[in-house]
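File shown: target.cif (mmCIF, C-alpha atoms).
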data_entry
#
loop_
_atom_site.label_atom_id
_atom_site.label_comp_id
_atom_site.auth_asym_id
_atom_site.auth_seq_id
_atom_site.Cartn_x
_atom_site.Cartn_y
_atom_site.Cartn_z
CA MET Z 1124 42.18 16.90 -21.23
CA SER Z 1125 39.28 15.44 -23.11
CA THR Z 1126 37.93 11.92 -22.95
CA LYS Z 1127 34.93 10.13 -24.34
CA ARG Z 1128 32.39 10.67 -21.59
CA ILE Z 1129 33.77 13.53 -19.56
CA GLU Z 1130 35.65 16.76 -20.11
CA ILE Z 1131 38.03 17.93 -17.43
CA SER Z 1132 39.26 21.44 -16.70
CA ARG Z 1133 41.03 22.96 -13.74
CA THR Z 1134 40.10 25.92 -11.60
CA GLY Z 1135 42.91 26.38 -9.08
CA ASP Z 1136 43.31 23.03 -7.35
CA VAL Z 1137 39.85 21.84 -8.33
CA SER Z 1138 39.35 19.47 -11.26
CA VAL Z 1139 36.01 20.30 -12.84
CA VAL Z 1140 34.33 17.39 -14.61
CA ARG Z 1141 31.61 18.02 -17.19
CA PHE Z 1142 29.62 15.28 -18.82
CA GLN Z 1143 29.41 14.81 -22.58
CA ASP Z 1144 26.06 12.99 -22.49
CA ARG Z 1145 22.75 14.69 -21.81
CA LYS Z 1146 21.35 11.33 -20.75
CA ILE Z 1147 23.51 9.03 -18.66
CA LEU Z 1148 21.70 5.73 -18.96
CA ASP Z 1149 23.32 3.50 -21.53
CA GLU Z 1150 25.05 0.65 -19.71
CA ALA Z 1151 28.18 0.71 -21.87
CA ALA Z 1152 28.45 4.48 -21.54
CA ILE Z 1153 28.11 4.21 -17.75
CA GLN Z 1154 30.94 1.66 -17.63
CA GLU Z 1155 33.15 4.00 -19.66
CA LEU Z 1156 32.18 6.91 -17.47
CA GLY Z 1157 33.09 4.94 -14.36
CA ALA Z 1158 36.48 4.03 -15.80
CA GLU Z 1159 37.23 7.63 -16.76
CA LEU Z 1160 36.24 8.92 -13.33
CA THR Z 1161 38.28 6.23 -11.61
CA ALA Z 1162 41.35 7.25 -13.64
CA LEU Z 1163 41.10 10.77 -12.22
CA VAL Z 1164 41.94 9.35 -8.81
CA ASP Z 1165 44.03 6.26 -9.64
CA VAL Z 1166 46.10 7.68 -12.50
CA ASP Z 1167 46.00 11.45 -12.15
CA ASN Z 1168 45.90 11.49 -8.34
CA ARG Z 1169 43.39 14.35 -8.26
CA LYS Z 1170 42.19 15.24 -4.78
CA ALA Z 1171 39.55 17.93 -5.33
CA ILE Z 1172 36.92 16.97 -7.87
CA LEU Z 1173 33.78 18.82 -8.87
CA LEU Z 1174 31.19 16.97 -10.94
CA ASP Z 1175 29.29 19.66 -12.86
CA PHE Z 1176 25.99 18.24 -14.11
CA ASP Z 1177 25.05 21.34 -16.08
CA GLY Z 1178 23.39 20.07 -19.28
CA VAL Z 1179 22.68 16.59 -17.92
CA GLU Z 1180 18.96 15.91 -18.16
CA PHE Z 1181 18.68 12.32 -17.09
CA LEU Z 1182 20.48 9.55 -15.26
CA SER Z 1183 19.49 6.02 -14.32
CA SER Z 1184 19.98 4.08 -11.10
CA ALA Z 1185 22.96 2.36 -12.74
CA ALA Z 1186 24.58 5.79 -13.08
CA LEU Z 1187 23.77 6.52 -9.44
CA GLY Z 1188 25.61 3.34 -8.52
CA LYS Z 1189 28.66 4.48 -10.43
CA LEU Z 1190 28.61 7.87 -8.68
CA ILE Z 1191 28.41 6.17 -5.27
CA THR Z 1192 31.36 3.94 -6.11
CA PHE Z 1193 33.35 6.96 -7.29
CA ASP Z 1194 32.47 9.00 -4.21
CA ARG Z 1195 33.77 6.14 -2.06
CA LYS Z 1196 36.97 5.94 -4.08
CA VAL Z 1197 37.61 9.68 -3.71
CA LYS Z 1198 37.03 9.51 0.05
CA THR Z 1199 39.29 6.46 0.39
CA ALA Z 1200 42.02 8.41 -1.41
CA LYS Z 1201 41.49 11.24 1.10
CA GLY Z 1202 40.13 13.49 -1.63
CA ARG Z 1203 36.99 15.60 -1.76
CA MET Z 1204 34.17 15.47 -4.28
CA LYS Z 1205 31.32 17.90 -4.76
CA MET Z 1206 28.49 18.14 -7.27
CA CYS Z 1207 26.77 21.14 -8.86
CA GLY Z 1208 24.50 22.17 -11.74
CA ILE Z 1209 21.96 19.48 -10.95
CA SER Z 1210 18.59 19.74 -12.70
CA PRO Z 1211 15.39 19.68 -10.60
CA GLY Z 1212 14.50 16.19 -11.91
CA ILE Z 1213 17.87 14.68 -11.02
CA LEU Z 1214 17.83 16.47 -7.66
CA GLU Z 1215 14.50 14.76 -6.95
CA VAL Z 1216 16.14 11.41 -7.78
CA PHE Z 1217 18.88 12.19 -5.22
CA GLN Z 1218 16.28 13.21 -2.64
CA VAL Z 1219 14.05 10.15 -3.19
CA THR Z 1220 17.03 7.84 -2.75
CA LYS Z 1221 18.42 9.99 0.10
CA LEU Z 1222 21.69 10.31 -1.78
CA HIS Z 1223 21.65 14.04 -1.13
CA LYS Z 1224 22.85 12.98 2.36
CA VAL Z 1225 25.81 11.12 0.85
CA PHE Z 1226 26.90 13.62 -1.80
CA ASP Z 1227 27.99 17.22 -1.22
CA ILE Z 1228 25.60 19.03 -3.56
CA ARG Z 1229 26.02 22.73 -4.32
CA GLY Z 1230 24.20 25.17 -6.60
CA ASP Z 1231 26.53 26.27 -9.36
CA ALA Z 1232 30.21 25.73 -10.13
CA ALA Z 1233 31.36 29.00 -8.56
CA GLU Z 1234 29.65 28.17 -5.26
CA ALA Z 1235 31.01 24.64 -5.29
CA ILE Z 1236 34.61 25.70 -6.08
CA ALA Z 1237 34.50 28.29 -3.32
CA ALA Z 1238 33.47 25.56 -0.87
CA PHE Z 1239 36.54 23.33 -1.43
CA MET B 227 -8.97 25.82 -33.14
CA ALA B 228 -9.06 22.03 -33.53
CA ASP B 229 -7.27 20.00 -30.88
CA ASN B 230 -4.79 17.77 -32.69
CA THR B 231 -3.74 15.84 -29.58
CA PRO B 232 -4.02 12.12 -30.39
CA THR B 233 -6.40 10.15 -28.16
CA GLU B 234 -4.51 6.92 -27.65
CA TRP B 235 -1.36 5.05 -28.66
CA ARG B 236 -0.87 1.36 -27.98
CA ARG B 237 2.02 -0.84 -28.94
CA SER B 238 3.55 -4.15 -27.94
CA PHE B 239 7.27 -4.88 -28.14
CA GLU B 240 9.34 -8.02 -27.86
CA LEU B 241 12.83 -7.09 -26.71
CA PRO B 242 16.01 -9.15 -26.90
CA SER B 243 17.65 -9.68 -23.51
CA GLU B 244 20.69 -7.55 -24.22
CA ARG B 245 22.00 -4.29 -22.83
CA GLY B 246 20.65 -1.24 -24.60
CA ALA B 247 17.41 -2.99 -25.64
CA SER B 248 15.34 -0.54 -23.59
CA ARG B 249 15.85 2.14 -26.22
CA LEU B 250 13.70 0.15 -28.62
CA VAL B 251 10.82 1.11 -26.33
CA THR B 252 11.85 4.41 -24.79
CA ASP B 253 12.66 6.25 -28.02
CA GLU B 254 9.13 5.73 -29.32
CA LEU B 255 7.52 6.11 -25.91
CA LEU B 256 9.13 9.51 -25.36
CA ALA B 257 7.94 10.71 -28.76
CA GLN B 258 4.41 9.57 -27.97
CA LEU B 259 4.41 11.23 -24.54
CA SER B 260 5.32 14.50 -26.16
CA GLN B 261 2.63 14.12 -28.83
CA HIS B 262 0.03 13.37 -26.14
CA GLY B 263 0.82 16.56 -24.27
CA TRP B 264 2.66 15.20 -21.22
CA SER B 265 4.80 17.77 -19.38
CA ALA B 266 8.60 17.65 -19.25
CA ASP B 267 8.46 16.67 -15.55
CA ASP B 268 6.11 13.77 -16.27
CA VAL B 269 8.18 12.66 -19.26
CA PHE B 270 11.25 12.59 -16.99
CA ALA B 271 9.38 10.48 -14.41
CA ILE B 272 7.96 8.02 -16.94
CA HIS B 273 11.27 7.70 -18.79
CA LEU B 274 13.07 6.98 -15.53
CA ALA B 275 10.55 4.35 -14.38
CA ALA B 276 10.38 2.70 -17.80
CA GLU B 277 14.16 2.52 -18.05
CA GLU B 278 14.45 0.93 -14.60
CA ALA B 279 11.71 -1.64 -15.31
CA LEU B 280 13.16 -2.59 -18.70
CA VAL B 281 16.73 -2.90 -17.44
CA ASN B 282 15.53 -4.96 -14.46
CA ALA B 283 13.70 -7.34 -16.82
CA VAL B 284 16.65 -7.72 -19.20
CA VAL B 285 19.45 -7.90 -16.62
CA HIS B 286 17.91 -9.34 -13.44
CA GLY B 287 14.86 -11.15 -14.88
CA ASN B 288 16.19 -12.75 -18.05
CA ARG B 289 19.83 -12.44 -16.92
CA LEU B 290 20.91 -11.33 -20.39
CA ASP B 291 19.92 -14.74 -21.79
CA LEU B 292 19.44 -14.14 -25.52
CA ALA B 293 17.07 -17.13 -25.70
CA LYS B 294 14.63 -15.15 -23.53
CA ILE B 295 12.36 -12.25 -24.50
CA VAL B 296 11.07 -9.23 -22.58
CA TYR B 297 7.44 -8.51 -23.48
CA VAL B 298 6.32 -4.89 -23.21
CA ASP B 299 2.84 -3.43 -23.65
CA CYS B 300 2.57 0.35 -23.79
CA GLN B 301 -0.49 2.57 -23.67
CA VAL B 302 -0.36 6.34 -23.79
CA THR B 303 -3.36 8.66 -23.64
CA PRO B 304 -3.43 12.34 -22.67
CA HIS B 305 -4.38 11.30 -19.11
CA VAL B 306 -2.87 7.88 -18.43
CA VAL B 307 0.36 6.09 -19.29
CA ARG B 308 0.51 2.36 -18.67
CA LEU B 309 3.43 0.01 -19.24
CA GLU B 310 3.45 -3.71 -18.58
CA VAL B 311 6.91 -5.31 -18.62
CA THR B 312 7.17 -9.10 -18.42
CA ASP B 313 10.31 -11.20 -18.45
CA GLU B 314 10.84 -14.95 -18.68
CA GLY B 315 12.85 -15.21 -15.49
CA GLU B 316 11.92 -16.93 -12.23
CA GLY B 317 10.46 -13.77 -10.73
CA PHE B 318 11.19 -12.26 -7.33
CA ASP B 319 9.41 -11.06 -4.21
CA PRO B 320 9.45 -7.25 -4.23
CA ALA B 321 8.70 -7.25 -0.48
CA ARG B 322 12.13 -8.80 0.13
CA VAL B 323 14.05 -6.04 -1.64
CA PRO B 324 15.79 -4.03 1.11
CA ASP B 325 15.00 -0.35 1.58
CA CYS B 326 17.83 1.47 -0.20
CA THR B 327 17.30 4.59 1.93
CA LEU B 328 18.26 2.91 5.21
CA GLU B 329 21.34 4.55 6.67
CA GLU B 330 23.39 1.34 6.41
CA ARG B 331 22.44 0.84 2.76
CA LEU B 332 22.98 4.39 1.47
CA ALA B 333 26.50 3.63 0.27
CA GLN B 334 25.50 0.48 -1.63
CA PRO B 335 25.86 1.03 -5.39
CA GLY B 336 22.73 -0.93 -6.40
CA GLY B 337 19.12 -1.54 -5.45
CA ARG B 338 17.47 1.80 -6.22
CA GLY B 339 15.48 1.01 -9.36
CA MET B 340 12.33 -0.19 -7.62
CA MET B 341 12.20 2.78 -5.26
CA LEU B 342 12.57 5.18 -8.19
CA MET B 343 9.70 3.48 -10.05
CA ARG B 344 7.44 3.74 -7.00
CA SER B 345 8.37 7.33 -6.30
CA PHE B 346 7.87 8.61 -9.82
CA MET B 347 4.79 6.64 -10.95
CA THR B 348 1.23 6.71 -9.64
CA ARG B 349 0.99 2.92 -9.32
CA VAL B 350 3.48 0.06 -9.49
CA ALA B 351 2.14 -3.50 -9.21
CA TYR B 352 3.87 -6.87 -9.59
CA ASN B 353 2.19 -10.15 -10.46
CA PRO B 354 2.36 -12.92 -7.82
CA ARG B 355 5.31 -14.63 -9.55
CA GLY B 356 7.22 -11.35 -9.65
CA ASN B 357 8.24 -11.53 -13.31
CA SER B 358 5.81 -8.89 -14.54
CA VAL B 359 5.29 -5.30 -13.45
CA VAL B 360 2.64 -2.75 -14.35
CA LEU B 361 3.62 0.92 -14.18
CA GLU B 362 0.93 3.56 -14.31
CA LYS B 363 1.14 7.31 -14.40
CA ARG B 364 -2.07 9.31 -14.08
CA ARG B 365 -1.80 12.97 -14.88
CA GLY B 366 -1.86 15.05 -11.73
CA VAL B 367 -2.21 12.07 -9.38
CA PRO B 368 0.61 11.49 -6.86
CA PRO B 369 2.10 8.03 -6.18
CA GLU B 370 -0.09 5.71 -4.13
CA ALA B 371 1.20 3.40 -1.41
CA THR B 372 2.10 0.04 -2.90
CA ASP B 373 2.84 -3.27 -1.27
#
Would you mind writing the structure in this file as structure tokens?
Amino acid sequence: MSTKRIEISRTGDVSVVRFQDRKILDEAAIQELGAELTALVDVDNRKAILLDFDGVEFLSSAALGKLITFDRKVKTAKGRMKMCGISPGILEVFQVTKLHKVFDIRGDAAEAIAAF
Amino acid sequence: MADNTPTEWRRSFELPSERGASRLVTDELLAQLSQHGWSADDVFAIHLAAEEALVNAVVHGNRLDLAKIVYVDCQVTPHVVRLEVTDEGEGFDPARVPDCTLEERLAQPGGRGMMLMRSFMTRVAYNPRGNSVVLEKRRGVPPEATD
């Protein structure tokens, strides 16, 4: 399945989400991204979701907000979400904001999938 | 070999208060940072802080009011980057912005822009009214404590 902002594949029971944008900062794009992520849970009823940030160079605090909202939605639906492929710069953003305590962050996709 | 690194770039912008306006500044700013020899890590930091300041001015300061302008002054040298972002809003008191890293606030979707600016820039200073912010990055100098 391919959408505007994300590309979704499956590995076993895990839905792997990859981002189409190298920079996630445009407000309209972030709204679309949020809607597409939300549909994974609300429409497709996916329970194991991996957000693979490989290739993403930049995200703004507005994008962080969308990720927090999505994480909450997945947990409310009794699903699990993990993240991987995070660049050193974005990892620093997560650490500065302490969001590395909220999100389950793994190294690469193989490690993350094995941890579900 | 001659050093072709430019010595200084200065430019002022007047941005409309609409979403996406920040790119009018950041596209040129990023090109100038590269030309002035700033590292990829520093470019990331400056881009992040600039984006947060510009979006704050457009969305929270001018509240997307198209009758209002965001004024931006940029200066880039090989050693210092300085941005001054001023909106036409009422201003705010940065001391009253809650700490987004408190345990009870971690799950809140908003309120991280100011912390990111302070963490990634050397100096962040607001005017007394709170409608103008100066962001400074000095090469090789870590962030200083700000009020």
Assuming the chain letters and numbering stay as they are in my file, what does the PyMOL selection byres ((chain Z) within 10 of (chain B)) actually select? List them as a count of residues only. 33
Evaluated on this file, the PyMOL selection byres ((chain B and resi 358-365) around 6) picks out some residues - which ones are they, written as number ranges by chain? B: 305-312, 347-353, 356-357, 366-367
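This file, filtered with the PyMOL selection byres ((chain Z and resi 1127-1135) around 9), gives the residues Met1124, Ser1125, Thr1126, Asp1136, Val1137, Ser1138, Val1139, Val1140, Arg1141, Phe1142, Gln1143, Asp1144, Ala1152, Ile1153, Glu1155, Leu1156, Glu1159, Leu1160 and Ile1236 of chain Z.
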Those selected residues, please, written with C-alpha atoms and delivered as an mmCIF file, in the coordinates of the input.
data_model
loop_
_atom_site.group_PDB
_atom_site.id
_atom_site.type_symbol
_atom_site.label_atom_id
_atom_site.label_comp_id
_atom_site.auth_asym_id
_atom_site.auth_seq_id
_atom_site.Cartn_x
_atom_site.Cartn_y
_atom_site.Cartn_z
ATOM 1 C CA MET Z 1124 42.180 16.900 -21.230
ATOM 2 C CA SER Z 1125 39.280 15.440 -23.110
ATOM 3 C CA THR Z 1126 37.930 11.920 -22.950
ATOM 4 C CA ASP Z 1136 43.310 23.030 -7.350
ATOM 5 C CA VAL Z 1137 39.850 21.840 -8.330
ATOM 6 C CA SER Z 1138 39.350 19.470 -11.260
ATOM 7 C CA VAL Z 1139 36.010 20.300 -12.840
ATOM 8 C CA VAL Z 1140 34.330 17.390 -14.610
ATOM 9 C CA ARG Z 1141 31.610 18.020 -17.190
ATOM 10 C CA PHE Z 1142 29.620 15.280 -18.820
ATOM 11 C CA GLN Z 1143 29.410 14.810 -22.580
ATOM 12 C CA ASP Z 1144 26.060 12.990 -22.490
ATOM 13 C CA ALA Z 1152 28.450 4.480 -21.540
ATOM 14 C CA ILE Z 1153 28.110 4.210 -17.750
ATOM 15 C CA GLU Z 1155 33.150 4.000 -19.660
ATOM 16 C CA LEU Z 1156 32.180 6.910 -17.470
ATOM 17 C CA GLU Z 1159 37.230 7.630 -16.760
ATOM 18 C CA LEU Z 1160 36.240 8.920 -13.330
ATOM 19 C CA ILE Z 1236 34.610 25.700 -6.080
#
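For the pair CA of Gly287 (chain B) and CA of Leu250 (chain B), the interatomic distance is 17.8 Å.
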Could you tell me how far CA of Cys1207 (chain Z) sits from CA of Pro324 (chain B), in Å to one decimal place?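 Answer for the CA of Pro324 (chain B) to CA of Cys1207 (chain Z) separation: 29.2 Å.
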Which residues are close to Val1197 (chain Z), i.e. within 10 Å by only C-alpha atoms, leaving aside same-chain residues fewer than 5 positions away? Reply as a ChimeraX atom specification. /Z:1160-1161,1163-1165,1168-1172,1191-1192,1202-1204
Contacts of Thr233 (chain B) within 9 Å, all atoms listed in the file, excl. fewer than 5 positions in-chain, as a PDB file with C-alpha atoms, in the frame of the given file:
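Written output follows (out-v6.pdb):
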ATOM      1  CA  HIS B 262       0.030  13.370 -26.140  1.00  0.00           C
ATOM      2  CA  VAL B 302      -0.360   6.340 -23.790  1.00  0.00           C
ATOM      3  CA  THR B 303      -3.360   8.660 -23.640  1.00  0.00           C
ATOM      4  CA  PRO B 304      -3.430  12.340 -22.670  1.00  0.00           C
TER       5      PRO B 304
END
Quote the spacing between CA of Glu316 (chain B) and CA of Glu240 (chain B) in Å to one decimal place.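 Rounded to one decimal, the two atoms are 18.2 Å apart.
With all atoms listed in the file as the atoms that count, the residue of Z:Leu1173, Z:Lys1198, Z:Leu1214, Z:Val1179 with the shortest distance to Ala1235 (chain Z) is Z:Leu1173.
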How big is the axis-aligned box around all listed atoms of region 294-306 of chain B once 4 Å goes on each side, and where's its centre, in Å to one decimal, as lines of an AutoDock Vina configuration file?
center_x = 5.1
center_y = -1.4
center_z = -21.5
size_x = 27.0
size_y = 35.5
size_z = 14.1
Go through B:Ala257, B:Val269, B:Leu241, B:Met343 one by one, measure the shortest atom-to-atom distance of each to Val298 (chain B) using all atoms listed in the file, and give the residue with the smallest value. B:Leu241
Let me make sure I understand: among B:Pro232, B:Pro242, B:Gly317, B:Gly263, which one has the smallest atom-to-atom distance to Asp291 (chain B) if we use only C-alpha atoms?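 Residue with the minimum atom-to-atom distance to Asp291 (chain B): B:Pro242.
With all atoms listed in the file as the atoms that count, the residue of B:Asp313, B:Phe318, B:Arg331, B:Asp299 with the shortest distance to Ser243 (chain B) is B:Asp313.
The closest residue to Ala1237 (chain Z), picked from Z:Arg1145, Z:Val1166, Z:Leu1174, Z:Lys1205 and counting all atoms listed in the file, is Z:Lys1205.
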